[in-house]
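Novice: Contents of protein-v6.csv (CSV, N, CA and C atoms and all ligand atoms) are given next:
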chain,number,residue,atom,x,y,z
A,13,MET,N,2.1,-21.1,13.8
A,13,MET,CA,1.3,-20.7,12.6
A,13,MET,C,0.6,-21.9,12.0
A,14,PRO,N,-0.4,-22.4,12.6
A,14,PRO,CA,-0.9,-23.6,12.2
A,14,PRO,C,-1.8,-23.5,11.0
A,15,ASP,N,-2.4,-22.4,10.7
A,15,ASP,CA,-3.5,-22.4,9.7
A,15,ASP,C,-3.0,-21.7,8.4
A,16,ARG,N,-1.8,-21.4,8.3
A,16,ARG,CA,-1.4,-20.8,7.0
A,16,ARG,C,-1.5,-21.8,5.9
A,17,ARG,N,-1.8,-21.3,4.7
A,17,ARG,CA,-1.9,-22.2,3.6
A,17,ARG,C,-0.6,-22.1,2.8
A,18,THR,N,-0.1,-23.3,2.5
A,18,THR,CA,1.2,-23.4,1.8
A,18,THR,C,0.9,-23.7,0.3
A,19,PHE,N,1.8,-23.2,-0.5
A,19,PHE,CA,1.6,-23.4,-2.0
A,19,PHE,C,2.9,-23.9,-2.6
A,20,ASP,N,2.8,-24.7,-3.6
A,20,ASP,CA,4.0,-25.3,-4.2
A,20,ASP,C,4.6,-24.3,-5.2
A,21,THR,N,3.9,-23.4,-5.7
A,21,THR,CA,4.4,-22.4,-6.6
A,21,THR,C,4.0,-21.0,-6.2
A,22,ILE,N,4.8,-20.0,-6.5
A,22,ILE,CA,4.5,-18.6,-6.2
A,22,ILE,C,3.2,-18.2,-7.0
A,23,GLU,N,3.2,-18.7,-8.2
A,23,GLU,CA,2.1,-18.4,-9.1
A,23,GLU,C,0.7,-18.8,-8.5
A,24,ALA,N,0.7,-20.0,-7.9
A,24,ALA,CA,-0.5,-20.5,-7.3
A,24,ALA,C,-0.9,-19.6,-6.1
A,25,ALA,N,0.1,-19.2,-5.3
A,25,ALA,CA,-0.2,-18.3,-4.2
A,25,ALA,C,-0.8,-17.0,-4.7
A,26,LEU,N,-0.2,-16.5,-5.7
A,26,LEU,CA,-0.6,-15.2,-6.3
A,26,LEU,C,-2.1,-15.3,-6.8
A,27,GLU,N,-2.4,-16.4,-7.4
A,27,GLU,CA,-3.8,-16.6,-7.8
A,27,GLU,C,-4.7,-16.7,-6.7
A,28,ALA,N,-4.4,-17.4,-5.6
A,28,ALA,CA,-5.2,-17.5,-4.5
A,28,ALA,C,-5.4,-16.1,-3.7
A,29,PHE,N,-4.3,-15.3,-3.8
A,29,PHE,CA,-4.3,-14.1,-3.1
A,29,PHE,C,-5.2,-13.0,-3.6
A,30,ASN,N,-5.4,-13.1,-4.9
A,30,ASN,CA,-6.4,-12.2,-5.5
A,30,ASN,C,-6.1,-10.7,-5.4
A,31,LEU,N,-4.9,-10.4,-6.0
A,31,LEU,CA,-4.4,-9.0,-6.0
A,31,LEU,C,-5.2,-8.2,-7.0
A,32,PRO,N,-5.3,-6.9,-6.8
A,32,PRO,CA,-5.7,-6.0,-7.9
A,32,PRO,C,-4.8,-6.2,-9.1
A,33,SER,N,-5.3,-6.2,-10.3
A,33,SER,CA,-4.5,-6.6,-11.5
A,33,SER,C,-3.3,-5.7,-11.7
A,34,ASP,N,-3.4,-4.4,-11.4
A,34,ASP,CA,-2.2,-3.6,-11.6
A,34,ASP,C,-1.1,-3.9,-10.5
A,35,ASN,N,-1.6,-4.3,-9.4
A,35,ASN,CA,-0.6,-4.6,-8.3
A,35,ASN,C,0.0,-6.0,-8.7
A,36,LEU,N,-0.7,-6.9,-9.2
A,36,LEU,CA,-0.2,-8.2,-9.6
A,36,LEU,C,0.9,-8.0,-10.6
A,37,ALA,N,0.7,-7.1,-11.6
A,37,ALA,CA,1.7,-6.9,-12.6
A,37,ALA,C,3.0,-6.4,-11.9
A,38,ALA,N,2.8,-5.4,-11.0
A,38,ALA,CA,4.0,-4.9,-10.3
A,38,ALA,C,4.7,-5.9,-9.4
A,39,VAL,N,3.9,-6.8,-8.8
A,39,VAL,CA,4.5,-7.8,-7.9
A,39,VAL,C,5.4,-8.8,-8.8
A,40,ARG,N,4.8,-9.2,-10.0
A,40,ARG,CA,5.5,-10.0,-10.9
A,40,ARG,C,6.8,-9.4,-11.3
A,41,ASP,N,6.7,-8.1,-11.6
A,41,ASP,CA,7.9,-7.3,-12.0
A,41,ASP,C,9.0,-7.4,-10.9
A,42,HIS,N,8.6,-7.1,-9.6
A,42,HIS,CA,9.6,-7.2,-8.6
A,42,HIS,C,10.1,-8.6,-8.3
A,43,LEU,N,9.3,-9.5,-8.4
A,43,LEU,CA,9.7,-10.9,-8.2
A,43,LEU,C,10.7,-11.4,-9.3
A,44,SER,N,10.6,-10.8,-10.5
A,44,SER,CA,11.5,-11.2,-11.5
A,44,SER,C,12.9,-10.7,-11.3
A,45,GLU,N,13.1,-9.8,-10.4
A,45,GLU,CA,14.4,-9.2,-10.2
A,45,GLU,C,15.3,-10.1,-9.3
A,46,ARG,N,14.7,-11.0,-8.5
A,46,ARG,CA,15.5,-11.9,-7.7
A,46,ARG,C,14.9,-13.3,-7.8
A,47,GLU,N,15.6,-14.3,-7.3
A,47,GLU,CA,15.1,-15.6,-7.3
A,47,GLU,C,14.5,-16.0,-6.0
A,48,TYR,N,13.3,-16.6,-6.0
A,48,TYR,CA,12.7,-17.0,-4.8
A,48,TYR,C,12.4,-18.4,-4.8
A,49,GLU,N,12.3,-19.0,-3.6
A,49,GLU,CA,11.8,-20.4,-3.5
A,49,GLU,C,10.4,-20.4,-3.9
A,50,GLN,N,10.0,-21.4,-4.7
A,50,GLN,CA,8.6,-21.5,-5.2
A,50,GLN,C,7.7,-21.8,-4.0
A,51,ARG,N,8.1,-22.6,-3.1
A,51,ARG,CA,7.2,-23.0,-2.0
A,51,ARG,C,7.0,-21.7,-1.1
A,52,CYS,N,5.8,-21.4,-0.9
A,52,CYS,CA,5.5,-20.2,-0.1
A,52,CYS,C,4.2,-20.4,0.6
A,53,TYR,N,3.7,-19.4,1.3
A,53,TYR,CA,2.5,-19.5,2.1
A,53,TYR,C,1.7,-18.2,2.2
A,54,ILE,N,0.5,-18.4,2.5
A,54,ILE,CA,-0.4,-17.2,2.8
A,54,ILE,C,-0.8,-17.4,4.3
A,55,VAL,N,-0.5,-16.4,5.1
A,55,VAL,CA,-0.8,-16.5,6.5
A,55,VAL,C,-2.3,-16.7,6.7
A,56,SER,N,-2.7,-17.2,7.9
A,56,SER,CA,-4.1,-17.5,8.2
A,56,SER,C,-5.0,-16.3,8.1
A,57,SER,N,-4.5,-15.2,8.4
A,57,SER,CA,-5.3,-14.0,8.3
A,57,SER,C,-5.6,-13.6,6.9
A,58,GLY,N,-4.8,-14.2,5.9
A,58,GLY,CA,-5.0,-13.8,4.5
A,58,GLY,C,-4.3,-12.5,4.2
A,59,GLN,N,-3.5,-12.0,5.1
A,59,GLN,CA,-3.0,-10.6,4.9
A,59,GLN,C,-1.8,-10.5,3.9
A,60,TYR,N,-1.0,-11.5,3.9
A,60,TYR,CA,0.2,-11.5,3.0
A,60,TYR,C,0.6,-12.8,2.6
A,61,ILE,N,1.4,-12.8,1.5
A,61,ILE,CA,2.1,-14.0,1.1
A,61,ILE,C,3.6,-13.9,1.6
A,62,GLY,N,4.0,-15.0,2.2
A,62,GLY,CA,5.4,-15.0,2.7
A,62,GLY,C,6.3,-15.8,1.7
A,63,LEU,N,7.4,-15.2,1.2
A,63,LEU,CA,8.3,-15.8,0.3
A,63,LEU,C,9.7,-15.8,0.9
A,64,LYS,N,10.4,-16.8,0.5
A,64,LYS,CA,11.9,-16.8,0.8
A,64,LYS,C,12.7,-16.6,-0.4
A,65,GLU,N,13.7,-15.8,-0.3
A,65,GLU,CA,14.6,-15.7,-1.4
A,65,GLU,C,15.5,-17.0,-1.5
A,66,ALA,N,15.7,-17.5,-2.7
A,66,ALA,CA,16.4,-18.7,-2.8
A,66,ALA,C,17.8,-18.6,-2.3
A,67,GLY,N,18.2,-19.6,-1.5
A,67,GLY,CA,19.5,-19.7,-1.0
A,67,GLY,C,19.9,-18.7,0.1
A,68,SER,N,18.9,-18.0,0.7
A,68,SER,CA,19.2,-17.1,1.8
A,68,SER,C,18.1,-17.1,2.8
A,69,LEU,N,18.2,-16.3,3.8
A,69,LEU,CA,17.1,-16.3,4.8
A,69,LEU,C,16.2,-15.0,4.6
A,70,LYS,N,16.5,-14.3,3.6
A,70,LYS,CA,15.7,-13.1,3.3
A,70,LYS,C,14.3,-13.5,3.0
A,71,THR,N,13.4,-12.7,3.6
A,71,THR,CA,12.0,-13.0,3.4
A,71,THR,C,11.3,-11.8,2.7
A,72,VAL,N,10.3,-12.1,2.0
A,72,VAL,CA,9.5,-11.1,1.3
A,72,VAL,C,8.1,-11.3,1.7
A,73,TYR,N,7.4,-10.2,2.1
A,73,TYR,CA,6.0,-10.3,2.4
A,73,TYR,C,5.2,-9.5,1.4
A,74,ILE,N,4.4,-10.2,0.6
A,74,ILE,CA,3.6,-9.5,-0.4
A,74,ILE,C,2.2,-9.2,0.2
A,75,ASN,N,2.0,-8.0,0.5
A,75,ASN,CA,0.6,-7.5,0.9
A,75,ASN,C,-0.2,-7.1,-0.3
A,76,ARG,N,-1.4,-6.7,-0.1
A,76,ARG,CA,-2.2,-6.3,-1.2
A,76,ARG,C,-1.8,-5.0,-1.8
A,77,GLY,N,-1.3,-4.1,-0.9
A,77,GLY,CA,-1.0,-2.8,-1.4
A,77,GLY,C,0.5,-2.5,-1.4
A,78,PHE,N,1.3,-3.4,-0.9
A,78,PHE,CA,2.8,-3.1,-0.8
A,78,PHE,C,3.5,-4.4,-0.6
A,79,ILE,N,4.8,-4.3,-0.9
A,79,ILE,CA,5.7,-5.5,-0.6
A,79,ILE,C,6.7,-5.0,0.4
A,80,ASP,N,6.9,-5.9,1.4
A,80,ASP,CA,8.0,-5.6,2.4
A,80,ASP,C,9.1,-6.6,2.2
A,81,TYR,N,10.3,-6.1,1.9
A,81,TYR,CA,11.5,-6.9,1.8
A,81,TYR,C,12.2,-6.9,3.2
A,82,ARG,N,12.5,-8.0,3.7
A,82,ARG,CA,13.2,-8.1,5.0
A,82,ARG,C,14.6,-8.6,4.7
A,83,ASP,N,15.5,-7.7,4.8
A,83,ASP,CA,16.9,-8.1,4.6
A,83,ASP,C,17.7,-8.4,5.8
A,84,GLY,N,17.1,-8.2,6.9
A,84,GLY,CA,17.8,-8.5,8.2
A,84,GLY,C,16.8,-8.3,9.3
A,85,GLU,N,17.3,-8.5,10.5
A,85,GLU,CA,16.4,-8.4,11.7
A,85,GLU,C,15.6,-7.1,11.7
A,86,ASN,N,16.3,-6.0,11.5
A,86,ASN,CA,15.6,-4.7,11.6
A,86,ASN,C,15.7,-3.9,10.3
A,87,ASP,N,15.9,-4.7,9.2
A,87,ASP,CA,16.2,-4.0,7.9
A,87,ASP,C,15.0,-4.3,7.0
A,88,TRP,N,14.1,-3.4,6.9
A,88,TRP,CA,12.9,-3.6,6.1
A,88,TRP,C,12.9,-2.5,5.0
A,89,THR,N,12.4,-3.0,3.8
A,89,THR,CA,12.2,-2.0,2.8
A,89,THR,C,10.8,-2.2,2.3
A,90,ARG,N,10.0,-1.2,2.2
A,90,ARG,CA,8.7,-1.3,1.8
A,90,ARG,C,8.5,-0.6,0.4
A,91,ILE,N,7.9,-1.4,-0.5
A,91,ILE,CA,7.6,-0.9,-1.8
A,91,ILE,C,6.1,-0.8,-2.0
A,92,LEU,N,5.7,0.4,-2.2
A,92,LEU,CA,4.2,0.6,-2.4
A,92,LEU,C,3.8,0.1,-3.8
A,93,LEU,N,2.7,-0.6,-3.9
A,93,LEU,CA,2.2,-1.0,-5.2
A,93,LEU,C,1.3,0.1,-5.8
A,94,PRO,N,1.0,0.0,-7.1
A,94,PRO,CA,0.2,1.1,-7.7
A,94,PRO,C,-1.1,1.4,-7.0
A,95,SER,N,-1.9,0.3,-6.6
A,95,SER,CA,-3.1,0.6,-5.8
A,95,SER,C,-2.8,0.2,-4.4
A,96,ASN,N,-2.9,1.1,-3.5
A,96,ASN,CA,-2.8,0.8,-2.1
A,96,ASN,C,-3.5,1.7,-1.2
A,97,LYS,N,-3.9,1.1,-0.1
A,97,LYS,CA,-4.7,1.9,0.9
A,97,LYS,C,-3.9,2.9,1.6
A,98,ILE,N,-2.6,2.6,1.7
A,98,ILE,CA,-1.7,3.5,2.5
A,98,ILE,C,-1.7,4.9,1.8
A,99,ARG,N,-1.6,4.8,0.5
A,99,ARG,CA,-1.6,6.1,-0.3
A,99,ARG,C,-3.0,6.7,-0.3
A,100,ASP,N,-4.0,5.8,-0.4
A,100,ASP,CA,-5.4,6.4,-0.5
A,100,ASP,C,-5.8,7.0,0.8
A,101,GLY,N,-5.5,6.3,1.9
A,101,GLY,CA,-6.1,6.8,3.1
A,101,GLY,C,-5.1,7.4,4.1
A,102,GLY,N,-3.9,7.1,3.9
A,102,GLY,CA,-2.9,7.4,4.9
A,102,GLY,C,-2.5,8.9,4.9
A,103,TYR,N,-2.4,9.4,3.7
A,103,TYR,CA,-2.0,10.8,3.7
A,103,TYR,C,-3.3,11.6,3.3
A,104,THR,N,-3.8,12.3,4.2
A,104,THR,CA,-5.0,13.1,3.9
A,104,THR,C,-4.5,14.6,3.7
A,105,GLN,N,-3.6,14.7,2.7
A,105,GLN,CA,-3.0,15.9,2.4
A,105,GLN,C,-4.0,17.0,2.1
A,106,GLY,N,-3.9,18.1,2.8
A,106,GLY,CA,-4.7,19.3,2.6
A,106,GLY,C,-6.1,19.2,3.1
A,107,LYS,N,-6.6,18.0,3.4
A,107,LYS,CA,-7.9,17.8,3.9
A,107,LYS,C,-8.0,18.5,5.3
A,108,GLY,N,-9.1,19.1,5.5
A,108,GLY,CA,-9.3,19.8,6.8
A,108,GLY,C,-8.8,21.3,6.7
A,109,TYR,N,-8.0,21.6,5.7
A,109,TYR,CA,-7.6,22.9,5.5
A,109,TYR,C,-8.4,23.6,4.4
A,110,GLN,N,-9.1,22.8,3.7
A,110,GLN,CA,-9.9,23.4,2.6
A,110,GLN,C,-11.2,23.9,3.1
A,111,ARG,N,-11.2,25.1,3.6
A,111,ARG,CA,-12.4,25.7,4.1
A,111,ARG,C,-13.2,26.3,2.9
A,112,GLU,N,-14.4,26.4,3.0
A,112,GLU,CA,-15.2,27.1,2.0
A,112,GLU,C,-15.1,28.6,2.2
A,113,ALA,N,-14.9,29.3,1.1
A,113,ALA,CA,-14.9,30.7,1.2
A,113,ALA,C,-16.3,31.2,1.7
A,114,GLN,N,-16.4,32.1,2.6
A,114,GLN,CA,-17.7,32.4,3.2
A,114,GLN,C,-18.1,33.8,2.7
A,115,ALA,N,-19.4,34.0,2.6
A,115,ALA,CA,-19.9,35.3,2.2
A,115,ALA,C,-19.9,36.3,3.3
A,116,CYS,N,-19.5,37.5,3.0
A,116,CYS,CA,-19.4,38.5,3.9
A,116,CYS,C,-20.8,38.8,4.5
A,117,PRO,N,-21.0,38.8,5.8
A,117,PRO,CA,-22.3,39.1,6.3
A,117,PRO,C,-22.8,40.5,6.1
A,118,ASN,N,-21.8,41.4,5.7
A,118,ASN,CA,-22.1,42.8,5.5
A,118,ASN,C,-22.6,43.1,4.1
A,119,CYS,N,-21.8,42.6,3.1
A,119,CYS,CA,-22.1,43.0,1.7
A,119,CYS,C,-22.4,41.7,0.8
A,120,GLY,N,-22.2,40.6,1.4
A,120,GLY,CA,-22.6,39.3,0.7
A,120,GLY,C,-21.6,38.8,-0.3
A,121,SER,N,-20.5,39.6,-0.5
A,121,SER,CA,-19.5,39.1,-1.5
A,121,SER,C,-18.6,38.0,-0.8
A,122,ARG,N,-17.9,37.2,-1.6
A,122,ARG,CA,-17.1,36.2,-1.1
A,122,ARG,C,-15.9,36.7,-0.4
A,123,MET,N,-15.7,36.3,0.8
A,123,MET,CA,-14.5,36.8,1.5
A,123,MET,C,-13.3,35.8,1.3
A,124,PRO,N,-12.1,36.4,1.3
A,124,PRO,CA,-10.9,35.5,1.3
A,124,PRO,C,-10.9,34.6,2.5
A,125,LEU,N,-10.1,33.5,2.5
A,125,LEU,CA,-10.1,32.5,3.6
A,125,LEU,C,-9.6,33.2,4.9
A,126,SER,N,-9.0,34.3,4.8
A,126,SER,CA,-8.7,35.0,6.0
A,126,SER,C,-9.9,35.4,6.8
A,127,GLY,N,-11.1,35.5,6.1
A,127,GLY,CA,-12.3,35.9,6.8
A,127,GLY,C,-12.4,37.4,6.9
A,128,VAL,N,-11.5,38.1,6.3
A,128,VAL,CA,-11.7,39.6,6.3
A,128,VAL,C,-12.1,40.1,4.9
A,129,CYS,N,-13.2,40.7,4.9
A,129,CYS,CA,-13.8,41.1,3.6
A,129,CYS,C,-12.9,42.2,2.9
A,130,ASP,N,-12.7,42.0,1.6
A,130,ASP,CA,-11.8,43.0,0.9
A,130,ASP,C,-12.6,44.2,0.6
A,131,LEU,N,-13.9,44.1,0.6
A,131,LEU,CA,-14.7,45.2,0.1
A,131,LEU,C,-15.2,46.2,1.2
A,132,CYS,N,-15.3,45.6,2.3
A,132,CYS,CA,-15.9,46.4,3.4
A,132,CYS,C,-14.8,47.1,4.2
B,201,ZN,ZN,-18.1,42.8,2.8
Output the file's structure as structure tokens, nothing else.
Ligand SMILES: [Zn+2]
Specialist:
Amino acid sequence: MPDRRTFDTIEAALEAFNLPSDNLAAVRDHLSEREYEQRCYIVSSGQYIGLKEAGSLKTVYINRGFIDYRDGENDWTRILLPSNKIRDGGYTQGKGYQREAQACPNCGSRMPLSGVCDLC
């Protein structure tokens, strides 16, 4: 990982990372719950900040829309931040099922979504 940028303080990394302000507040909130080493980095892709919990090997990855806590090799916890693309684009709940009610070709009244006219 040659090109990642290192920072002497978490605050400096957060400033460079340019999070949406509501997410920044949420990140600060989460970070205040545990102690982290101040020295941290932003990966070369700019995708996340890598933090280490003080005195342990636990790692935290702060992405723009979520935080991943890594508590072990395969033990990840993801916390979604207030603004995130996962929620905005990941779940297209209901989309594709919202068909327009169509007019009956016979009487012109709106048919229910079943496509069977109530009046005819
Ligand atoms: Zn009809």
Novice: How would you report the residues lying within 6.5 Å of ligand ZN 201 (chain B), as number ranges by chain, if you count all atoms listed in the file?
Specialist: A: 116-121, 129-132
Novice: Which neighbours of range 54-66 of chain A fall inside 5 Å, counting only N, CA and C atoms, when residues of the same chain fewer than 2 positions from it are skipped, and could you give them as a PDB file with N, CA and C atoms, keeping the file's coordinate frame?
Specialist:
ATOM      1  N   ASP A  15      -2.400 -22.400  10.700  1.00  0.00           N
ATOM      2  CA  ASP A  15      -3.500 -22.400   9.700  1.00  0.00           C
ATOM      3  C   ASP A  15      -3.000 -21.700   8.400  1.00  0.00           C
ATOM      4  N   ARG A  16      -1.800 -21.400   8.300  1.00  0.00           N
ATOM      5  CA  ARG A  16      -1.400 -20.800   7.000  1.00  0.00           C
ATOM      6  C   ARG A  16      -1.500 -21.800   5.900  1.00  0.00           C
ATOM      7  N   ARG A  17      -1.800 -21.300   4.700  1.00  0.00           N
ATOM      8  CA  ARG A  17      -1.900 -22.200   3.600  1.00  0.00           C
ATOM      9  C   ARG A  17      -0.600 -22.100   2.800  1.00  0.00           C
ATOM     10  N   THR A  18      -0.100 -23.300   2.500  1.00  0.00           N
ATOM     11  CA  THR A  18       1.200 -23.400   1.800  1.00  0.00           C
ATOM     12  C   THR A  18       0.900 -23.700   0.300  1.00  0.00           C
ATOM     13  N   GLU A  47      15.600 -14.300  -7.300  1.00  0.00           N
ATOM     14  CA  GLU A  47      15.100 -15.600  -7.300  1.00  0.00           C
ATOM     15  C   GLU A  47      14.500 -16.000  -6.000  1.00  0.00           C
ATOM     16  N   TYR A  48      13.300 -16.600  -6.000  1.00  0.00           N
ATOM     17  CA  TYR A  48      12.700 -17.000  -4.800  1.00  0.00           C
ATOM     18  C   TYR A  48      12.400 -18.400  -4.800  1.00  0.00           C
ATOM     19  N   GLU A  49      12.300 -19.000  -3.600  1.00  0.00           N
ATOM     20  CA  GLU A  49      11.800 -20.400  -3.500  1.00  0.00           C
ATOM     21  C   GLU A  49      10.400 -20.400  -3.900  1.00  0.00           C
ATOM     22  N   CYS A  52       5.800 -21.400  -0.900  1.00  0.00           N
ATOM     23  CA  CYS A  52       5.500 -20.200  -0.100  1.00  0.00           C
ATOM     24  C   CYS A  52       4.200 -20.400   0.600  1.00  0.00           C
ATOM     25  N   SER A  68      18.900 -18.000   0.700  1.00  0.00           N
ATOM     26  CA  SER A  68      19.200 -17.100   1.800  1.00  0.00           C
ATOM     27  C   SER A  68      18.100 -17.100   2.800  1.00  0.00           C
ATOM     28  N   LYS A  70      16.500 -14.300   3.600  1.00  0.00           N
ATOM     29  CA  LYS A  70      15.700 -13.100   3.300  1.00  0.00           C
ATOM     30  C   LYS A  70      14.300 -13.500   3.000  1.00  0.00           C
ATOM     31  N   THR A  71      13.400 -12.700   3.600  1.00  0.00           N
ATOM     32  CA  THR A  71      12.000 -13.000   3.400  1.00  0.00           C
ATOM     33  C   THR A  71      11.300 -11.800   2.700  1.00  0.00           C
ATOM     34  N   VAL A  72      10.300 -12.100   2.000  1.00  0.00           N
ATOM     35  CA  VAL A  72       9.500 -11.100   1.300  1.00  0.00           C
ATOM     36  C   VAL A  72       8.100 -11.300   1.700  1.00  0.00           C
ATOM     37  N   TYR A  73       7.400 -10.200   2.100  1.00  0.00           N
ATOM     38  CA  TYR A  73       6.000 -10.300   2.400  1.00  0.00           C
ATOM     39  C   TYR A  73       5.200  -9.500   1.400  1.00  0.00           C
ATOM     40  N   ILE A  74       4.400 -10.200   0.600  1.00  0.00           N
ATOM     41  CA  ILE A  74       3.600  -9.500  -0.400  1.00  0.00           C
ATOM     42  C   ILE A  74       2.200  -9.200   0.200  1.00  0.00           C
ATOM     43  N   ASN A  75       2.000  -8.000   0.500  1.00  0.00           N
ATOM     44  CA  ASN A  75       0.600  -7.500   0.900  1.00  0.00           C
ATOM     45  C   ASN A  75      -0.200  -7.100  -0.300  1.00  0.00           C
TER      46      ASN A  75
END
Novice: By how many Å are CA of Leu31 in chain A and CA of Ile91 in chain A apart?
Specialist: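 That distance, rounded to one decimal, is 15.1 Å.
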Novice: Using only N, CA and C atoms, pick whichever of A:Ser95, A:Thr21, A:Asn35, A:Asn30 has the shortest atom-to-atom distance to Tyr53 in chain A.
Specialist: A:Thr21
Novice: Report, in Å with one decimal, the straight-line distance from CA of Asp34 in chain A to atom N of Asp87 in chain A.
Specialist: 27.6 Å
Novice: Which is closest to Pro32 in chain A among A:Gln50, A:Ser126, A:Gln114, A:Asn96, if we use only C-alpha atoms?
Specialist: A:Asn96
Novice: Write down as a PyMOL selection string the residues belonging to range 53-90 of chain A that are assigned strand (DSSP E or B) by DSSP computed on the backbone.
Specialist: chain A and resi 53-54+60-65+71-75+78-84+87-90
Novice: Just give me the gap between atom C of Arg51 in chain A and atom C of Pro94 in chain A in Å, one decimal is fine.
Specialist: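 These two atoms are separated by 25.2 Å.
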Novice: For the helix (DSSP H, G or I) assignment from backbone DSSP, which residues of chain A qualify? Please present them as a PDB file with N, CA and C atoms, in the frame of the given file.
Specialist:
ATOM      1  N   ILE A  22       4.800 -20.000  -6.500  1.00  0.00           N
ATOM      2  CA  ILE A  22       4.500 -18.600  -6.200  1.00  0.00           C
ATOM      3  C   ILE A  22       3.200 -18.200  -7.000  1.00  0.00           C
ATOM      4  N   GLU A  23       3.200 -18.700  -8.200  1.00  0.00           N
ATOM      5  CA  GLU A  23       2.100 -18.400  -9.100  1.00  0.00           C
ATOM      6  C   GLU A  23       0.700 -18.800  -8.500  1.00  0.00           C
ATOM      7  N   ALA A  24       0.700 -20.000  -7.900  1.00  0.00           N
ATOM      8  CA  ALA A  24      -0.500 -20.500  -7.300  1.00  0.00           C
ATOM      9  C   ALA A  24      -0.900 -19.600  -6.100  1.00  0.00           C
ATOM     10  N   ALA A  25       0.100 -19.200  -5.300  1.00  0.00           N
ATOM     11  CA  ALA A  25      -0.200 -18.300  -4.200  1.00  0.00           C
ATOM     12  C   ALA A  25      -0.800 -17.000  -4.700  1.00  0.00           C
ATOM     13  N   LEU A  26      -0.200 -16.500  -5.700  1.00  0.00           N
ATOM     14  CA  LEU A  26      -0.600 -15.200  -6.300  1.00  0.00           C
ATOM     15  C   LEU A  26      -2.100 -15.300  -6.800  1.00  0.00           C
ATOM     16  N   GLU A  27      -2.400 -16.400  -7.400  1.00  0.00           N
ATOM     17  CA  GLU A  27      -3.800 -16.600  -7.800  1.00  0.00           C
ATOM     18  C   GLU A  27      -4.700 -16.700  -6.700  1.00  0.00           C
ATOM     19  N   ALA A  28      -4.400 -17.400  -5.600  1.00  0.00           N
ATOM     20  CA  ALA A  28      -5.200 -17.500  -4.500  1.00  0.00           C
ATOM     21  C   ALA A  28      -5.400 -16.100  -3.700  1.00  0.00           C
ATOM     22  N   PHE A  29      -4.300 -15.300  -3.800  1.00  0.00           N
ATOM     23  CA  PHE A  29      -4.300 -14.100  -3.100  1.00  0.00           C
ATOM     24  C   PHE A  29      -5.200 -13.000  -3.600  1.00  0.00           C
ATOM     25  N   SER A  33      -5.300  -6.200 -10.300  1.00  0.00           N
ATOM     26  CA  SER A  33      -4.500  -6.600 -11.500  1.00  0.00           C
ATOM     27  C   SER A  33      -3.300  -5.700 -11.700  1.00  0.00           C
ATOM     28  N   ASP A  34      -3.400  -4.400 -11.400  1.00  0.00           N
ATOM     29  CA  ASP A  34      -2.200  -3.600 -11.600  1.00  0.00           C
ATOM     30  C   ASP A  34      -1.100  -3.900 -10.500  1.00  0.00           C
ATOM     31  N   ASN A  35      -1.600  -4.300  -9.400  1.00  0.00           N
ATOM     32  CA  ASN A  35      -0.600  -4.600  -8.300  1.00  0.00           C
ATOM     33  C   ASN A  35       0.000  -6.000  -8.700  1.00  0.00           C
ATOM     34  N   LEU A  36      -0.700  -6.900  -9.200  1.00  0.00           N
ATOM     35  CA  LEU A  36      -0.200  -8.200  -9.600  1.00  0.00           C
ATOM     36  C   LEU A  36       0.900  -8.000 -10.600  1.00  0.00           C
ATOM     37  N   ALA A  37       0.700  -7.100 -11.600  1.00  0.00           N
ATOM     38  CA  ALA A  37       1.700  -6.900 -12.600  1.00  0.00           C
ATOM     39  C   ALA A  37       3.000  -6.400 -11.900  1.00  0.00           C
ATOM     40  N   ALA A  38       2.800  -5.400 -11.000  1.00  0.00           N
ATOM     41  CA  ALA A  38       4.000  -4.900 -10.300  1.00  0.00           C
ATOM     42  C   ALA A  38       4.700  -5.900  -9.400  1.00  0.00           C
ATOM     43  N   VAL A  39       3.900  -6.800  -8.800  1.00  0.00           N
ATOM     44  CA  VAL A  39       4.500  -7.800  -7.900  1.00  0.00           C
ATOM     45  C   VAL A  39       5.400  -8.800  -8.800  1.00  0.00           C
ATOM     46  N   ARG A  40       4.800  -9.200 -10.000  1.00  0.00           N
ATOM     47  CA  ARG A  40       5.500 -10.000 -10.900  1.00  0.00           C
ATOM     48  C   ARG A  40       6.800  -9.400 -11.300  1.00  0.00           C
ATOM     49  N   ASP A  41       6.700  -8.100 -11.600  1.00  0.00           N
ATOM     50  CA  ASP A  41       7.900  -7.300 -12.000  1.00  0.00           C
ATOM     51  C   ASP A  41       9.000  -7.400 -10.900  1.00  0.00           C
ATOM     52  N   HIS A  42       8.600  -7.100  -9.600  1.00  0.00           N
ATOM     53  CA  HIS A  42       9.600  -7.200  -8.600  1.00  0.00           C
ATOM     54  C   HIS A  42      10.100  -8.600  -8.300  1.00  0.00           C
ATOM     55  N   LEU A  43       9.300  -9.500  -8.400  1.00  0.00           N
ATOM     56  CA  LEU A  43       9.700 -10.900  -8.200  1.00  0.00           C
ATOM     57  C   LEU A  43      10.700 -11.400  -9.300  1.00  0.00           C
ATOM     58  N   LYS A  97      -3.900   1.100  -0.100  1.00  0.00           N
ATOM     59  CA  LYS A  97      -4.700   1.900   0.900  1.00  0.00           C
ATOM     60  C   LYS A  97      -3.900   2.900   1.600  1.00  0.00           C
ATOM     61  N   ILE A  98      -2.600   2.600   1.700  1.00  0.00           N
ATOM     62  CA  ILE A  98      -1.700   3.500   2.500  1.00  0.00           C
ATOM     63  C   ILE A  98      -1.700   4.900   1.800  1.00  0.00           C
ATOM     64  N   ARG A  99      -1.600   4.800   0.500  1.00  0.00           N
ATOM     65  CA  ARG A  99      -1.600   6.100  -0.300  1.00  0.00           C
ATOM     66  C   ARG A  99      -3.000   6.700  -0.300  1.00  0.00           C
ATOM     67  N   ASP A 100      -4.000   5.800  -0.400  1.00  0.00           N
ATOM     68  CA  ASP A 100      -5.400   6.400  -0.500  1.00  0.00           C
ATOM     69  C   ASP A 100      -5.800   7.000   0.800  1.00  0.00           C
ATOM     70  N   GLY A 101      -5.500   6.300   1.900  1.00  0.00           N
ATOM     71  CA  GLY A 101      -6.100   6.800   3.100  1.00  0.00           C
ATOM     72  C   GLY A 101      -5.100   7.400   4.100  1.00  0.00           C
ATOM     73  N   GLY A 102      -3.900   7.100   3.900  1.00  0.00           N
ATOM     74  CA  GLY A 102      -2.900   7.400   4.900  1.00  0.00           C
ATOM     75  C   GLY A 102      -2.500   8.900   4.900  1.00  0.00           C
TER      76      GLY A 102
END
